[in-house]
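Q: Structure file query_6.cif (mmCIF, C-alpha atoms and all ligand atoms) right here:
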```cif
data_protein
#
loop_
_atom_site.group_PDB
_atom_site.id
_atom_site.type_symbol
_atom_site.label_atom_id
_atom_site.label_comp_id
_atom_site.auth_asym_id
_atom_site.auth_seq_id
_atom_site.Cartn_x
_atom_site.Cartn_y
_atom_site.Cartn_z
ATOM 1 C CA VAL A 686 -14.711 51.474 -5.224
ATOM 2 C CA GLU A 687 -16.886 48.514 -6.119
ATOM 3 C CA TYR A 688 -14.260 47.252 -8.537
ATOM 4 C CA CYS A 689 -11.548 47.544 -5.848
ATOM 5 C CA ALA A 690 -13.711 45.677 -3.356
ATOM 6 C CA PHE A 691 -14.320 43.001 -5.956
ATOM 7 C CA VAL A 692 -10.612 42.614 -6.724
ATOM 8 C CA GLY A 693 -9.827 42.725 -3.000
ATOM 9 C CA LEU A 694 -12.295 39.918 -2.357
ATOM 10 C CA ALA A 695 -10.777 37.901 -5.165
ATOM 11 C CA ARG A 696 -7.296 38.400 -3.697
ATOM 12 C CA LEU A 697 -8.545 37.411 -0.265
ATOM 13 C CA ILE A 698 -9.924 34.166 -1.640
ATOM 14 C CA LYS A 699 -6.711 33.616 -3.566
ATOM 15 C CA HIS A 700 -4.616 34.078 -0.461
ATOM 16 C CA ASN A 701 -6.108 31.086 1.169
ATOM 17 C CA MET A 702 -9.139 32.338 3.025
ATOM 18 C CA PHE A 703 -11.146 29.523 1.464
ATOM 19 C CA GLY A 704 -8.347 27.108 0.661
ATOM 20 C CA ASP A 705 -7.163 26.456 -2.886
ATOM 21 C CA LYS A 706 -9.718 28.180 -5.108
ATOM 22 C CA SER A 707 -7.279 29.460 -7.702
ATOM 23 C CA ASP A 708 -9.628 28.742 -10.651
ATOM 24 C CA ILE A 709 -12.402 30.870 -9.112
ATOM 25 C CA CYS A 710 -9.871 33.635 -8.430
ATOM 26 C CA PHE A 711 -8.611 33.560 -11.982
ATOM 27 C CA MET A 712 -12.171 33.962 -13.250
ATOM 28 C CA LEU A 713 -12.915 36.831 -10.867
ATOM 29 C CA LEU A 714 -9.706 38.657 -11.680
ATOM 30 C CA ASN A 715 -9.610 37.988 -15.409
ATOM 31 C CA GLY A 716 -13.255 37.644 -16.358
ATOM 32 C CA GLY A 717 -12.914 34.185 -17.885
ATOM 33 C CA PRO A 718 -11.914 30.613 -17.171
ATOM 34 C CA ALA A 719 -8.261 29.868 -16.427
ATOM 35 C CA PRO A 720 -6.414 28.067 -19.217
ATOM 36 C CA ARG A 721 -5.978 24.420 -18.202
ATOM 37 C CA GLN A 722 -2.437 23.985 -16.970
ATOM 38 C CA ARG A 723 -0.754 20.673 -17.540
ATOM 39 C CA PHE A 724 0.233 18.918 -14.324
ATOM 40 C CA ALA A 725 3.997 18.871 -13.719
ATOM 41 C CA PHE A 726 6.286 17.252 -11.132
ATOM 42 C CA SER A 727 8.638 19.065 -8.804
ATOM 43 C CA PRO A 728 12.163 19.204 -10.255
ATOM 44 C CA GLU A 729 13.604 17.415 -7.224
ATOM 45 C CA PRO A 730 14.509 14.848 -6.180
ATOM 46 C CA THR A 731 16.086 13.653 -9.422
ATOM 47 C CA ILE A 732 16.204 9.952 -10.256
ATOM 48 C CA GLU A 733 19.866 9.992 -9.212
ATOM 49 C CA ASP A 734 18.861 11.547 -5.855
ATOM 50 C CA ILE A 735 16.348 8.721 -5.364
ATOM 51 C CA ARG A 736 19.004 6.107 -6.250
ATOM 52 C CA ARG A 737 21.412 7.605 -3.730
ATOM 53 C CA MET A 738 18.852 7.926 -0.929
ATOM 54 C CA GLN A 739 17.662 4.336 -1.382
ATOM 55 C CA ALA A 740 21.304 3.148 -1.491
ATOM 56 C CA GLU A 741 21.878 4.893 1.858
ATOM 57 C CA PHE A 742 18.685 3.342 3.281
ATOM 58 C CA THR A 743 19.830 -0.114 2.149
ATOM 59 C CA ASP A 744 23.430 0.309 3.352
ATOM 60 C CA GLU A 745 22.334 1.542 6.797
ATOM 61 C CA ARG A 746 20.312 -1.670 7.285
ATOM 62 C CA ASP A 747 22.819 -4.082 5.767
ATOM 63 C CA TRP A 748 20.103 -5.063 3.284
ATOM 64 C CA ASN A 749 22.203 -5.282 0.132
ATOM 65 C CA GLN A 750 22.446 -9.000 0.825
ATOM 66 C CA PHE A 751 18.673 -9.194 0.085
ATOM 67 C CA HIS A 752 18.502 -6.608 -2.670
ATOM 68 C CA GLN A 753 19.676 -8.652 -5.634
ATOM 69 C CA PRO A 754 18.079 -7.934 -9.013
ATOM 70 C CA ARG A 755 15.585 -10.804 -8.876
ATOM 71 C CA ASN A 756 14.349 -9.882 -5.390
ATOM 72 C CA LEU A 757 14.026 -6.226 -6.354
ATOM 73 C CA LEU A 758 12.041 -7.205 -9.441
ATOM 74 C CA LEU A 759 9.656 -9.333 -7.343
ATOM 75 C CA ALA A 760 9.332 -6.555 -4.772
ATOM 76 C CA MET A 761 8.533 -4.046 -7.518
ATOM 77 C CA VAL A 762 5.901 -6.316 -9.087
ATOM 78 C CA GLY A 763 4.368 -6.806 -5.613
ATOM 79 C CA GLU A 764 4.075 -3.046 -5.250
ATOM 80 C CA VAL A 765 2.513 -2.767 -8.726
ATOM 81 C CA GLY A 766 -0.082 -5.222 -7.377
ATOM 82 C CA GLU A 767 -0.723 -2.864 -4.455
ATOM 83 C CA VAL A 768 -1.292 0.000 -6.911
ATOM 84 C CA SER A 769 -3.729 -2.237 -8.825
ATOM 85 C CA GLU A 770 -5.658 -2.991 -5.643
ATOM 86 C CA LEU A 771 -6.454 0.700 -5.255
ATOM 87 C CA PHE A 772 -8.042 0.759 -8.714
ATOM 88 C CA GLN A 773 -9.752 -2.584 -8.653
ATOM 89 C CA TRP A 774 -13.584 -2.700 -8.856
ATOM 90 C CA ARG A 775 -13.853 1.043 -9.362
ATOM 91 C CA GLY A 776 -14.707 0.999 -13.052
ATOM 92 C CA GLU A 777 -13.250 3.751 -15.211
ATOM 93 C CA VAL A 778 -11.283 6.379 -13.267
ATOM 94 C CA ALA A 779 -11.061 9.862 -14.798
ATOM 95 C CA GLU A 780 -7.813 11.828 -15.035
ATOM 96 C CA GLY A 781 -7.099 13.658 -11.783
ATOM 97 C CA LEU A 782 -9.071 11.029 -9.807
ATOM 98 C CA PRO A 783 -11.928 13.467 -9.060
ATOM 99 C CA ASP A 784 -13.873 11.033 -6.852
ATOM 100 C CA TRP A 785 -10.952 9.930 -4.672
ATOM 101 C CA THR A 786 -10.592 11.035 -1.050
ATOM 102 C CA GLU A 787 -7.366 12.586 0.244
ATOM 103 C CA PRO A 788 -6.414 9.402 2.182
ATOM 104 C CA GLU A 789 -6.937 7.357 -1.011
ATOM 105 C CA ARG A 790 -4.744 9.760 -2.980
ATOM 106 C CA GLU A 791 -2.045 9.573 -0.322
ATOM 107 C CA GLN A 792 -2.200 5.774 -0.358
ATOM 108 C CA LEU A 793 -1.735 5.847 -4.130
ATOM 109 C CA ALA A 794 1.223 8.223 -3.751
ATOM 110 C CA HIS A 795 2.802 5.731 -1.312
ATOM 111 C CA GLU A 796 2.318 2.722 -3.556
ATOM 112 C CA LEU A 797 3.558 4.495 -6.691
ATOM 113 C CA SER A 798 6.600 5.625 -4.717
ATOM 114 C CA ASP A 799 7.300 2.044 -3.644
ATOM 115 C CA VAL A 800 7.226 1.002 -7.312
ATOM 116 C CA MET A 801 9.582 3.840 -8.248
ATOM 117 C CA ILE A 802 11.995 3.149 -5.399
ATOM 118 C CA TYR A 803 12.315 -0.526 -6.329
ATOM 119 C CA LEU A 804 12.512 0.292 -10.053
ATOM 120 C CA VAL A 805 15.367 2.732 -9.494
ATOM 121 C CA GLU A 806 17.261 0.301 -7.277
ATOM 122 C CA LEU A 807 16.647 -2.526 -9.752
ATOM 123 C CA ALA A 808 18.127 -0.378 -12.527
ATOM 124 C CA GLU A 809 21.107 0.469 -10.314
ATOM 125 C CA LYS A 810 21.773 -3.168 -9.443
ATOM 126 C CA CYS A 811 21.511 -4.058 -13.149
ATOM 127 C CA ARG A 812 23.879 -1.178 -14.013
ATOM 128 C CA VAL A 813 21.280 0.535 -16.192
ATOM 129 C CA ASP A 814 21.735 4.323 -16.157
ATOM 130 C CA LEU A 815 17.998 4.878 -16.055
ATOM 131 C CA PRO A 816 17.695 8.593 -16.974
ATOM 132 C CA GLN A 817 19.925 8.137 -20.032
ATOM 133 C CA ALA A 818 18.240 4.850 -20.955
ATOM 134 C CA VAL A 819 14.864 6.617 -20.880
ATOM 135 C CA LEU A 820 16.177 9.278 -23.263
ATOM 136 C CA ARG A 821 17.415 6.623 -25.688
ATOM 137 C CA LYS A 822 14.164 4.693 -25.494
ATOM 138 C CA MET A 823 12.043 7.792 -26.066
ATOM 139 C CA ALA A 824 14.098 8.611 -29.157
ATOM 140 C CA LEU A 825 13.386 5.102 -30.451
ATOM 141 C CA ASN A 826 9.671 5.502 -29.647
ATOM 142 C CA ARG A 827 9.553 8.706 -31.678
ATOM 143 C CA LEU A 828 11.127 6.950 -34.659
ATOM 144 C CA LYS A 829 8.767 3.995 -34.366
ATOM 145 C CA TYR A 830 5.673 6.169 -33.992
ATOM 146 C CA PRO A 831 6.122 9.317 -36.150
ATOM 147 C CA ALA A 832 3.518 11.825 -34.933
ATOM 148 C CA ASN A 833 2.299 12.664 -38.436
ATOM 149 C CA LYS A 834 1.717 8.989 -39.208
ATOM 150 C CA VAL A 835 0.005 7.807 -36.034
ATOM 151 C CA HIS A 836 -1.768 10.940 -34.830
ATOM 152 C CA GLY A 837 -4.966 10.004 -32.974
ATOM 153 C CA SER A 838 -4.467 6.247 -33.375
ATOM 154 C CA ALA A 839 -3.371 3.817 -30.653
ATOM 155 C CA LYS A 840 -2.481 0.972 -33.034
ATOM 156 C CA LYS A 841 0.768 -0.939 -32.383
ATOM 157 C CA TYR A 842 3.589 -0.104 -34.797
ATOM 158 C CA THR A 843 3.393 -3.596 -36.323
ATOM 159 C CA GLU A 844 -0.090 -2.725 -37.647
ATOM 160 C CA TYR A 845 1.196 0.134 -39.800
ATOM 161 C CA GLN A 846 2.088 -0.486 -43.440
ATOM 162 C CA ASP A 847 4.796 1.687 -45.005
HETATM 163 N N1 LIG A 901 13.511 -5.216 2.341
HETATM 164 C C1 LIG A 901 12.992 -3.985 2.123
HETATM 165 C C2 LIG A 901 11.778 -3.605 2.682
HETATM 166 C C3 LIG A 901 11.286 -2.351 2.438
HETATM 167 N N2 LIG A 901 11.967 -1.483 1.661
HETATM 168 C C4 LIG A 901 11.446 -0.152 1.364
HETATM 169 C C5 LIG A 901 11.220 0.094 -0.107
HETATM 170 C C6 LIG A 901 9.733 0.353 -0.252
HETATM 171 O O1 LIG A 901 9.524 1.748 -0.525
HETATM 172 C C7 LIG A 901 9.121 0.044 1.102
HETATM 173 C C8 LIG A 901 8.377 -1.253 1.094
HETATM 174 O O2 LIG A 901 8.021 -1.569 2.417
HETATM 175 P P1 LIG A 901 7.045 -2.791 2.737
HETATM 176 O O3 LIG A 901 7.612 -4.056 2.195
HETATM 177 O O4 LIG A 901 6.769 -2.742 4.215
HETATM 178 O O5 LIG A 901 5.748 -2.518 1.865
HETATM 179 P P2 LIG A 901 4.622 -1.382 2.051
HETATM 180 O O6 LIG A 901 5.246 -0.117 2.533
HETATM 181 O O7 LIG A 901 3.886 -1.374 0.749
HETATM 182 O O8 LIG A 901 3.724 -1.952 3.226
HETATM 183 P P3 LIG A 901 2.417 -2.874 3.079
HETATM 184 O O9 LIG A 901 2.861 -4.069 2.296
HETATM 185 O O10 LIG A 901 2.023 -3.198 4.497
HETATM 186 O O11 LIG A 901 1.411 -2.057 2.320
HETATM 187 O O12 LIG A 901 10.214 0.023 2.021
HETATM 188 C C9 LIG A 901 13.180 -1.883 1.120
HETATM 189 O O13 LIG A 901 13.824 -1.108 0.434
HETATM 190 N N3 LIG A 901 13.655 -3.124 1.354
#
```
Hey, can you dump this file as structure tokens for me?
Ligand SMILES: Nc1ccn([C@H]2C[C@H](O)[C@@H](COP(=O)(O)OP(=O)(O)OP(=O)(O)O)O2)c(=O)n1
A:
Amino acid sequence: VEYCAFVGLARLIKHNMFGDKSDICFMLLNGGPAPRQRFAFSPEPTIEDIRRMQAEFTDERDWNQFHQPRNLLLAMVGEVGEVSELFQWRGEVAEGLPDWTEPEREQLAHELSDVMIYLVELAEKCRVDLPQAVLRKMALNRLKYPANKVHGSAKKYTEYQD
């Protein structure tokens, strides 16, 4: 009976009585800490979805006349500056931004999205198929930095001797 009550309590917590306490629940139900899960994005929207949605946004406003490659590049760099502002004077920021408030996190999400939106449109206007280009570039990165050669070192590839 006690065990059932214990498990029941754990399930109650898990099902949102106290918000997102999934780590505590895992410990209660499994008797040990949860394995750290790596953060992952949602599968959608894809980069192509983002390109299409921004193209619709631009078309609806007759803004293609302003969205030439150079302007998009400047707009993107401006948004990178806005991301930087959120980090400036904070000192080192740990992964997961543990000390940030929800409004600060949401602001960061907005600014990173602005960068992404302009990046995707810049690639479109330059006729770079960004998802495929990323695959090609990552293949090159793997060749340039073989894992067994550079493991644990952040040196630039030019610093390695064959
Ligand atoms: N000519 C424009 C203006 C805006 N946008 C879109 C793309 C960006 O996601 C966002 C940028 O909007 P703002 O220039 O208003 O910049 P912020 O949203 O960052 O506002 P603020 O500069 O006040 O922080 O809107 C766009 O595509 N083309």
Q: Distance CA of Tyr803 in chain A-CA of Met761 in chain A, one decimal place?
A: 5.3 Å
Q: Could you tell me how far CA of Lys841 in chain A sits from CA of Arg827 in chain A, in Å to one decimal place?
A: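 Distance between the two atoms: 13.1 Å.
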Q: Kindly indicate which residue among A:Gly766, A:Gly781, A:Pro788, A:Pro816 lies nearest to ligand LIG 901 (chain A), using all atoms listed in the file for the distances.
A: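 The answer is A:Gly766, which sits nearest to ligand LIG 901 (chain A).
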Q: Edge lengths and centre, in Å to one decimal, as JSON: that's what I need for the box along x, y and z that holds all listed atoms of ligand LIG 901 (chain A) plus 5 Å on each side.
A:
```
{"center_x": 7.6, "center_y": -1.7, "center_z": 2.0, "size_x": 22.4, "size_y": 17.0, "size_z": 15.0}
```
Q: For a quick check of understanding, using all atoms listed in the file, which of A:Val778, A:Ala824, A:Val800, A:Val835 has the smallest distance to ligand LIG 901 (chain A)?
A: A:Val800
Q: Rounded to one decimal in Å, what is the spacing between atom C8 of ligand LIG 901 (chain A) and CA of Asp799 in chain A?
A: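 Atom-to-atom, atom C8 of ligand LIG 901 (chain A) and CA of Asp799 in chain A are spaced 5.9 Å apart.
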